[in-house]
>>> print(open('final.txt').read())   # compact mmCIF, N, CA and C atoms
# COMPACT_ATOMS: atom_id res chain seq x y z
N MET A 1 -104.34 -7.18 186.18
CA MET A 1 -104.69 -7.86 187.40
C MET A 1 -106.20 -7.72 187.58
N LYS A 2 -106.91 -8.81 187.37
CA LYS A 2 -108.37 -8.79 187.51
C LYS A 2 -108.86 -9.78 188.56
N ASN A 3 -108.07 -10.79 188.85
CA ASN A 3 -108.47 -11.82 189.79
C ASN A 3 -108.45 -11.24 191.21
N PRO A 4 -109.58 -11.31 191.91
CA PRO A 4 -109.62 -10.76 193.28
C PRO A 4 -108.55 -11.34 194.20
N ASP A 5 -108.20 -12.61 194.03
CA ASP A 5 -107.15 -13.19 194.87
C ASP A 5 -105.80 -12.52 194.61
N ASP A 6 -105.51 -12.20 193.33
CA ASP A 6 -104.27 -11.50 192.99
C ASP A 6 -104.27 -10.08 193.56
N ILE A 7 -105.42 -9.42 193.50
CA ILE A 7 -105.54 -8.06 194.04
C ILE A 7 -105.27 -8.07 195.55
N ILE A 8 -105.89 -9.01 196.24
CA ILE A 8 -105.71 -9.10 197.69
C ILE A 8 -104.26 -9.42 198.03
N ALA A 9 -103.63 -10.32 197.27
CA ALA A 9 -102.22 -10.66 197.51
C ALA A 9 -101.32 -9.44 197.31
N ALA A 10 -101.60 -8.67 196.26
CA ALA A 10 -100.78 -7.48 195.98
C ALA A 10 -100.96 -6.43 197.08
N LEU A 11 -102.18 -6.17 197.47
CA LEU A 11 -102.43 -5.18 198.53
C LEU A 11 -101.85 -5.65 199.86
N SER A 12 -101.95 -6.93 200.15
CA SER A 12 -101.37 -7.47 201.38
C SER A 12 -99.86 -7.33 201.38
N ALA A 13 -99.24 -7.58 200.24
CA ALA A 13 -97.78 -7.45 200.16
C ALA A 13 -97.34 -6.01 200.38
N LEU A 14 -98.11 -5.08 199.89
CA LEU A 14 -97.75 -3.66 200.03
C LEU A 14 -98.09 -3.10 201.41
N ALA A 15 -98.84 -3.83 202.20
CA ALA A 15 -99.30 -3.34 203.50
C ALA A 15 -98.27 -3.61 204.60
N GLN A 16 -97.01 -3.36 204.29
CA GLN A 16 -95.94 -3.53 205.25
C GLN A 16 -94.87 -2.49 204.91
N HIS A 17 -94.36 -1.81 205.91
CA HIS A 17 -93.47 -0.67 205.72
C HIS A 17 -92.27 -0.96 204.80
N HIS A 18 -91.52 -2.02 205.08
CA HIS A 18 -90.32 -2.31 204.29
C HIS A 18 -90.67 -2.74 202.86
N ARG A 19 -91.74 -3.51 202.70
CA ARG A 19 -92.13 -3.94 201.36
C ARG A 19 -92.62 -2.76 200.53
N LEU A 20 -93.38 -1.87 201.16
CA LEU A 20 -93.83 -0.69 200.44
C LEU A 20 -92.64 0.17 200.01
N ALA A 21 -91.68 0.35 200.91
CA ALA A 21 -90.48 1.14 200.58
C ALA A 21 -89.69 0.47 199.46
N ALA A 22 -89.56 -0.85 199.51
CA ALA A 22 -88.83 -1.56 198.46
C ALA A 22 -89.54 -1.43 197.12
N PHE A 23 -90.86 -1.58 197.14
CA PHE A 23 -91.60 -1.47 195.88
C PHE A 23 -91.48 -0.07 195.29
N ARG A 24 -91.57 0.94 196.13
CA ARG A 24 -91.43 2.31 195.64
C ARG A 24 -90.03 2.55 195.08
N ALA A 25 -89.02 1.97 195.71
CA ALA A 25 -87.65 2.10 195.18
C ALA A 25 -87.54 1.42 193.82
N LEU A 26 -88.20 0.28 193.66
CA LEU A 26 -88.16 -0.42 192.37
C LEU A 26 -88.90 0.36 191.30
N VAL A 27 -90.00 0.98 191.66
CA VAL A 27 -90.73 1.81 190.70
C VAL A 27 -89.83 2.97 190.25
N ALA A 28 -89.16 3.60 191.21
CA ALA A 28 -88.25 4.70 190.88
C ALA A 28 -87.07 4.20 190.05
N GLY A 29 -86.65 2.96 190.26
CA GLY A 29 -85.53 2.39 189.52
C GLY A 29 -85.84 2.10 188.07
N GLY A 30 -87.11 2.08 187.71
CA GLY A 30 -87.50 1.87 186.33
C GLY A 30 -87.37 0.42 185.89
N PRO A 31 -87.53 0.18 184.60
CA PRO A 31 -87.54 -1.19 184.08
C PRO A 31 -86.21 -1.92 184.23
N ASP A 32 -85.11 -1.20 184.37
CA ASP A 32 -83.81 -1.87 184.55
C ASP A 32 -83.70 -2.51 185.93
N GLY A 33 -84.44 -2.02 186.89
CA GLY A 33 -84.46 -2.60 188.22
C GLY A 33 -83.25 -2.22 189.04
N LEU A 34 -83.14 -2.88 190.19
CA LEU A 34 -82.06 -2.62 191.15
C LEU A 34 -81.52 -3.94 191.67
N ALA A 35 -80.23 -3.97 191.91
CA ALA A 35 -79.62 -5.14 192.55
C ALA A 35 -80.07 -5.19 194.00
N ALA A 36 -80.29 -6.39 194.49
CA ALA A 36 -80.77 -6.57 195.86
C ALA A 36 -79.83 -5.92 196.87
N GLY A 37 -78.53 -6.09 196.70
CA GLY A 37 -77.57 -5.51 197.64
C GLY A 37 -77.61 -4.00 197.65
N ASP A 38 -77.73 -3.40 196.47
CA ASP A 38 -77.83 -1.94 196.39
C ASP A 38 -79.10 -1.44 197.06
N MET A 39 -80.17 -2.19 196.88
CA MET A 39 -81.44 -1.78 197.48
C MET A 39 -81.37 -1.89 199.00
N ALA A 40 -80.73 -2.93 199.51
CA ALA A 40 -80.59 -3.10 200.96
C ALA A 40 -79.84 -1.91 201.55
N THR A 41 -78.77 -1.50 200.88
CA THR A 41 -77.98 -0.36 201.35
C THR A 41 -78.81 0.92 201.28
N ARG A 42 -79.47 1.12 200.17
CA ARG A 42 -80.27 2.34 199.97
C ARG A 42 -81.38 2.47 201.00
N LEU A 43 -82.02 1.35 201.32
CA LEU A 43 -83.16 1.37 202.24
C LEU A 43 -82.76 1.18 203.70
N GLY A 44 -81.50 0.81 203.94
CA GLY A 44 -81.05 0.58 205.30
C GLY A 44 -81.68 -0.64 205.94
N ILE A 45 -81.92 -1.68 205.13
CA ILE A 45 -82.53 -2.91 205.60
C ILE A 45 -81.49 -4.02 205.46
N PRO A 46 -81.30 -4.86 206.47
CA PRO A 46 -80.37 -5.98 206.32
C PRO A 46 -80.74 -6.84 205.10
N ALA A 47 -79.72 -7.33 204.41
CA ALA A 47 -79.95 -8.09 203.18
C ALA A 47 -80.87 -9.28 203.40
N SER A 48 -80.73 -9.99 204.51
CA SER A 48 -81.58 -11.15 204.76
C SER A 48 -83.04 -10.75 204.93
N SER A 49 -83.28 -9.63 205.61
CA SER A 49 -84.66 -9.15 205.77
C SER A 49 -85.23 -8.69 204.44
N LEU A 50 -84.41 -7.96 203.67
CA LEU A 50 -84.89 -7.48 202.37
C LEU A 50 -85.23 -8.66 201.46
N SER A 51 -84.42 -9.70 201.51
CA SER A 51 -84.68 -10.88 200.69
C SER A 51 -86.06 -11.46 200.99
N PHE A 52 -86.40 -11.54 202.27
CA PHE A 52 -87.73 -12.02 202.68
C PHE A 52 -88.82 -11.13 202.08
N HIS A 53 -88.66 -9.82 202.20
CA HIS A 53 -89.68 -8.89 201.71
C HIS A 53 -89.79 -8.93 200.19
N LEU A 54 -88.67 -9.04 199.50
CA LEU A 54 -88.71 -9.12 198.04
C LEU A 54 -89.39 -10.41 197.58
N THR A 55 -89.19 -11.49 198.33
CA THR A 55 -89.86 -12.74 198.00
C THR A 55 -91.37 -12.57 198.12
N GLN A 56 -91.82 -11.87 199.15
CA GLN A 56 -93.25 -11.64 199.31
C GLN A 56 -93.80 -10.81 198.15
N LEU A 57 -93.05 -9.79 197.73
CA LEU A 57 -93.48 -8.96 196.60
C LEU A 57 -93.49 -9.76 195.31
N GLU A 58 -92.51 -10.65 195.17
CA GLU A 58 -92.46 -11.49 193.97
C GLU A 58 -93.65 -12.45 193.94
N ARG A 59 -93.98 -13.04 195.07
CA ARG A 59 -95.15 -13.95 195.15
C ARG A 59 -96.45 -13.22 194.84
N SER A 60 -96.48 -11.94 195.15
CA SER A 60 -97.70 -11.15 194.90
C SER A 60 -97.81 -10.73 193.44
N LYS A 61 -96.80 -11.05 192.65
CA LYS A 61 -96.74 -10.75 191.21
C LYS A 61 -96.50 -9.27 190.92
N LEU A 62 -96.03 -8.51 191.91
CA LEU A 62 -95.72 -7.10 191.70
C LEU A 62 -94.26 -6.88 191.32
N VAL A 63 -93.43 -7.89 191.52
CA VAL A 63 -91.99 -7.77 191.32
C VAL A 63 -91.48 -8.93 190.48
N ILE A 64 -90.53 -8.62 189.63
CA ILE A 64 -89.89 -9.62 188.78
C ILE A 64 -88.42 -9.72 189.20
N ARG A 65 -87.92 -10.94 189.28
CA ARG A 65 -86.51 -11.16 189.65
C ARG A 65 -85.78 -11.79 188.47
N ARG A 66 -84.55 -11.34 188.25
CA ARG A 66 -83.70 -11.97 187.24
C ARG A 66 -82.28 -12.00 187.77
N ARG A 67 -81.49 -12.89 187.24
CA ARG A 67 -80.09 -13.01 187.64
C ARG A 67 -79.22 -12.34 186.59
N ALA A 68 -78.26 -11.56 187.07
CA ALA A 68 -77.26 -10.93 186.22
C ALA A 68 -75.90 -11.26 186.84
N GLY A 69 -75.26 -12.30 186.33
CA GLY A 69 -74.01 -12.75 186.92
C GLY A 69 -74.29 -13.29 188.32
N ARG A 70 -73.63 -12.72 189.30
CA ARG A 70 -73.82 -13.15 190.69
C ARG A 70 -74.90 -12.35 191.40
N SER A 71 -75.44 -11.34 190.76
CA SER A 71 -76.43 -10.46 191.39
C SER A 71 -77.85 -10.86 191.04
N LEU A 72 -78.74 -10.64 191.98
CA LEU A 72 -80.17 -10.75 191.71
C LEU A 72 -80.68 -9.34 191.48
N ILE A 73 -81.33 -9.15 190.35
CA ILE A 73 -81.89 -7.85 189.97
C ILE A 73 -83.40 -7.95 190.08
N TYR A 74 -83.97 -7.01 190.80
CA TYR A 74 -85.42 -6.95 190.97
C TYR A 74 -85.95 -5.72 190.25
N SER A 75 -87.12 -5.88 189.66
CA SER A 75 -87.77 -4.73 189.04
C SER A 75 -89.27 -4.83 189.29
N ALA A 76 -89.91 -3.68 189.32
CA ALA A 76 -91.36 -3.64 189.47
C ALA A 76 -91.98 -4.19 188.20
N ASP A 77 -93.05 -4.94 188.34
CA ASP A 77 -93.82 -5.38 187.18
C ASP A 77 -94.84 -4.28 186.92
N PHE A 78 -94.50 -3.41 185.98
CA PHE A 78 -95.33 -2.23 185.74
C PHE A 78 -96.71 -2.59 185.21
N ALA A 79 -96.82 -3.68 184.46
CA ALA A 79 -98.13 -4.11 183.97
C ALA A 79 -99.02 -4.53 185.15
N ALA A 80 -98.44 -5.26 186.11
CA ALA A 80 -99.20 -5.68 187.29
C ALA A 80 -99.59 -4.46 188.13
N MET A 81 -98.65 -3.52 188.28
CA MET A 81 -98.93 -2.31 189.07
C MET A 81 -100.07 -1.53 188.42
N THR A 82 -100.01 -1.37 187.11
CA THR A 82 -101.06 -0.64 186.39
C THR A 82 -102.39 -1.38 186.51
N GLY A 83 -102.34 -2.70 186.44
CA GLY A 83 -103.57 -3.50 186.59
C GLY A 83 -104.18 -3.32 187.96
N LEU A 84 -103.35 -3.24 188.99
CA LEU A 84 -103.84 -3.03 190.35
C LEU A 84 -104.51 -1.66 190.47
N VAL A 85 -103.84 -0.64 189.99
CA VAL A 85 -104.41 0.72 190.06
C VAL A 85 -105.70 0.79 189.23
N ASP A 86 -105.70 0.18 188.06
CA ASP A 86 -106.91 0.17 187.22
C ASP A 86 -108.06 -0.51 187.94
N TYR A 87 -107.78 -1.63 188.59
CA TYR A 87 -108.82 -2.35 189.33
C TYR A 87 -109.39 -1.47 190.44
N LEU A 88 -108.52 -0.78 191.16
CA LEU A 88 -108.97 0.05 192.28
C LEU A 88 -109.78 1.26 191.82
N THR A 89 -109.54 1.72 190.62
CA THR A 89 -110.19 2.95 190.15
C THR A 89 -111.22 2.72 189.04
N GLU A 90 -111.51 1.48 188.69
CA GLU A 90 -112.39 1.24 187.55
C GLU A 90 -113.81 1.77 187.74
N ASN A 91 -114.27 1.90 188.95
CA ASN A 91 -115.61 2.43 189.20
C ASN A 91 -115.57 3.83 189.79
N CYS A 92 -114.46 4.49 189.63
CA CYS A 92 -114.28 5.83 190.18
C CYS A 92 -115.36 6.77 189.63
N CYS A 93 -115.90 7.57 190.50
CA CYS A 93 -116.91 8.58 190.13
C CYS A 93 -118.09 7.96 189.39
N GLY A 94 -118.46 6.75 189.79
CA GLY A 94 -119.62 6.09 189.19
C GLY A 94 -119.46 5.78 187.72
N GLY A 95 -118.23 5.63 187.26
CA GLY A 95 -117.97 5.32 185.86
C GLY A 95 -117.82 6.53 184.98
N ALA A 96 -118.13 7.72 185.50
CA ALA A 96 -117.97 8.95 184.72
C ALA A 96 -116.54 9.46 184.91
N ALA A 97 -116.12 10.29 183.99
CA ALA A 97 -114.80 10.90 184.12
C ALA A 97 -114.77 11.75 185.37
N CYS A 98 -113.68 11.65 186.11
CA CYS A 98 -113.56 12.45 187.33
C CYS A 98 -113.37 13.91 186.96
N ALA A 99 -114.17 14.74 187.56
CA ALA A 99 -114.06 16.18 187.31
C ALA A 99 -112.85 16.72 188.05
N PRO A 100 -112.15 17.70 187.47
CA PRO A 100 -110.99 18.28 188.16
C PRO A 100 -111.34 18.78 189.56
N ASP A 101 -112.56 19.30 189.76
CA ASP A 101 -112.96 19.78 191.08
C ASP A 101 -113.03 18.64 192.09
N ALA A 102 -113.49 17.46 191.64
CA ALA A 102 -113.57 16.30 192.53
C ALA A 102 -112.18 15.84 192.93
N VAL A 103 -111.24 15.84 192.00
CA VAL A 103 -109.87 15.44 192.29
C VAL A 103 -109.24 16.43 193.26
N ALA A 104 -109.44 17.73 193.04
CA ALA A 104 -108.88 18.76 193.92
C ALA A 104 -109.48 18.64 195.32
N ALA A 105 -110.78 18.39 195.41
CA ALA A 105 -111.42 18.24 196.72
C ALA A 105 -110.88 17.03 197.45
N SER A 106 -110.64 15.94 196.73
CA SER A 106 -110.08 14.74 197.33
C SER A 106 -108.68 14.99 197.87
N GLU A 107 -107.86 15.72 197.12
CA GLU A 107 -106.50 16.04 197.56
C GLU A 107 -106.53 16.95 198.79
N THR A 108 -107.46 17.89 198.83
CA THR A 108 -107.61 18.78 199.98
C THR A 108 -107.99 17.99 201.22
N GLN A 109 -108.92 17.03 201.06
CA GLN A 109 -109.35 16.19 202.19
C GLN A 109 -108.18 15.39 202.73
N ARG A 110 -107.31 14.87 201.85
CA ARG A 110 -106.15 14.11 202.30
C ARG A 110 -105.19 14.96 203.10
N LYS A 111 -105.01 16.20 202.70
CA LYS A 111 -104.08 17.09 203.40
C LYS A 111 -104.60 17.44 204.79
N VAL A 112 -105.92 17.56 204.92
CA VAL A 112 -106.53 17.91 206.19
C VAL A 112 -106.44 16.74 207.17
N ALA A 113 -106.58 15.52 206.66
CA ALA A 113 -106.61 14.33 207.52
C ALA A 113 -105.31 13.98 208.09
>>> encode(input="final.txt", output="structure tokens")
Amino acid sequence: MKNPDDIIAALSALAQHHRLAAFRALVAGGPDGLAAGDMATRLGIPASSLSFHLTQLERSKLVIRRRAGRSLIYSADFAAMTGLVDYLTENCCGGAACAPDAVAASETQRKVA
């Protein structure tokens, strides 16, 4: 993911509680993905609402949908996710390797905040 419009679409899709929870569930589900109905039950979201959120994630190119019989199976697009993280961190630490002390300090700051 290098196109700024794709990056913005992906971040916008993730900037909502139910979509973020769904995406994290799909990441945990691995490449096999999860059936939409199972995910709705797991997340406690009505199926119609989850369908809306999954469509938004699919439009953002973070999620892939496939049909298996009567079920819709969704999975995280791990290449897109990695591309997003790479884009966000490509200039980390001014292009130099992040020192372990810098990473530890960053984690400490997050815990304090």
>>> atom_distance(input="final.txt", atom1="atom CA of A:Ser49", atom2="atom CA of A:Ala13")
14.4 Å
>>> residues_around(input="final.txt", residues="A:Tyr74", least_positions_apart="6", cutoff="6.5 Å", atoms="all atoms listed in the file", output="list in words")
Leu26, Asp32, Gly33, Leu34, Ala35, Ala36, Val63, Ile64, Arg65 and Arg66 of chain A
>>> closest_residue(input="final.txt", among="A:Ala10, A:Ala22, A:Cys93, A:Ser75", to="A:His53", atoms="only N, CA and C atoms")
A:Ala22
>>> atom_distance(input="final.txt", atom1="atom CA of A:Ser60", atom2="atom N of A:Ala9")
6.4 Å
>>> atom_distance(input="final.txt", atom1="atom C of A:Cys98", atom2="atom C of A:Ala25")
29.5 Å
>>> select_by_dssp(input="final.txt", residues="chain A", states="alpha helix (DSSP H)", output="PyMOL selection string")
chain A and resi 4-14+17-29+36-43+47-59+78-89+100-112
>>> residues_near_point(input="final.txt", point="(-108.7, -7.6, 185.3)", cutoff="7 Å", atoms="all atoms listed in the file", output="short mmCIF file (atom, residue, chain, number, x, y, z; two decimals) with N, CA and C atoms, in the frame of the given file")
data_model
loop_
_atom_site.label_atom_id
_atom_site.label_comp_id
_atom_site.auth_asym_id
_atom_site.auth_seq_id
_atom_site.Cartn_x
_atom_site.Cartn_y
_atom_site.Cartn_z
N MET A 1 -104.34 -7.18 186.18
CA MET A 1 -104.69 -7.86 187.40
C MET A 1 -106.20 -7.72 187.58
N LYS A 2 -106.91 -8.81 187.37
CA LYS A 2 -108.37 -8.79 187.51
C LYS A 2 -108.86 -9.78 188.56
N ASN A 3 -108.07 -10.79 188.85
CA ASN A 3 -108.47 -11.82 189.79
C ASN A 3 -108.45 -11.24 191.21
N GLY A 83 -102.34 -2.70 186.44
CA GLY A 83 -103.57 -3.50 186.59
C GLY A 83 -104.18 -3.32 187.96
N TYR A 87 -107.78 -1.63 188.59
CA TYR A 87 -108.82 -2.35 189.33
C TYR A 87 -109.39 -1.47 190.44
#
>>> select_by_dssp(input="final.txt", residues="stretch 4-85 of chain A", states="strand (DSSP E or B)", output="count of residues only")
14
>>> closest_residue(input="final.txt", among="A:Leu20, A:Val27, A:Ile7, A:Ala68", to="A:Val85", atoms="only C-alpha atoms")
A:Ile7
>>> residues_around(input="final.txt", residues="A:Lys61", least_positions_apart="6", cutoff="8 Å", atoms="all atoms listed in the file", output="JSON list (two decimals) with N, CA and C atoms, keeping the file's coordinate frame")
[["chain", "number", "residue", "atom", "x", "y", "z"],
["A", 6, "ASP", "N", -105.51, -12.20, 193.33],
["A", 6, "ASP", "CA", -104.27, -11.50, 192.99],
["A", 6, "ASP", "C", -104.27, -10.08, 193.56],
["A", 9, "ALA", "N", -103.63, -10.32, 197.27],
["A", 9, "ALA", "CA", -102.22, -10.66, 197.51],
["A", 9, "ALA", "C", -101.32, -9.44, 197.31],
["A", 10, "ALA", "N", -101.60, -8.67, 196.26],
["A", 10, "ALA", "CA", -100.78, -7.48, 195.98],
["A", 10, "ALA", "C", -100.96, -6.43, 197.08],
["A", 55, "THR", "N", -89.19, -11.49, 198.33],
["A", 55, "THR", "CA", -89.86, -12.74, 198.00],
["A", 55, "THR", "C", -91.37, -12.57, 198.12],
["A", 76, "ALA", "N", -89.91, -3.68, 189.32],
["A", 76, "ALA", "CA", -91.36, -3.64, 189.47],
["A", 76, "ALA", "C", -91.98, -4.19, 188.20],
["A", 77, "ASP", "N", -93.05, -4.94, 188.34],
["A", 77, "ASP", "CA", -93.82, -5.38, 187.18],
["A", 77, "ASP", "C", -94.84, -4.28, 186.92],
["A", 78, "PHE", "N", -94.50, -3.41, 185.98],
["A", 78, "PHE", "CA", -95.33, -2.23, 185.74],
["A", 78, "PHE", "C", -96.71, -2.59, 185.21],
["A", 79, "ALA", "N", -96.82, -3.68, 184.46],
["A", 79, "ALA", "CA", -98.13, -4.11, 183.97],
["A", 79, "ALA", "C", -99.02, -4.53, 185.15],
["A", 80, "ALA", "N", -98.44, -5.26, 186.11],
["A", 80, "ALA", "CA", -99.20, -5.68, 187.29],
["A", 80, "ALA", "C", -99.59, -4.46, 188.13],
["A", 81, "MET", "N", -98.65, -3.52, 188.28],
["A", 81, "MET", "CA", -98.93, -2.31, 189.07],
["A", 81, "MET", "C", -100.07, -1.53, 188.42]]
>>> closest_residue(input="final.txt", among="A:Leu50, A:Cys92, A:Asp86, A:Arg70", to="A:Arg19", atoms="all atoms listed in the file")
A:Leu50
>>> closest_residue(input="final.txt", among="A:Phe23, A:Arg67, A:Thr41, A:Leu72", to="A:Leu11", atoms="only C-alpha atoms")
A:Phe23
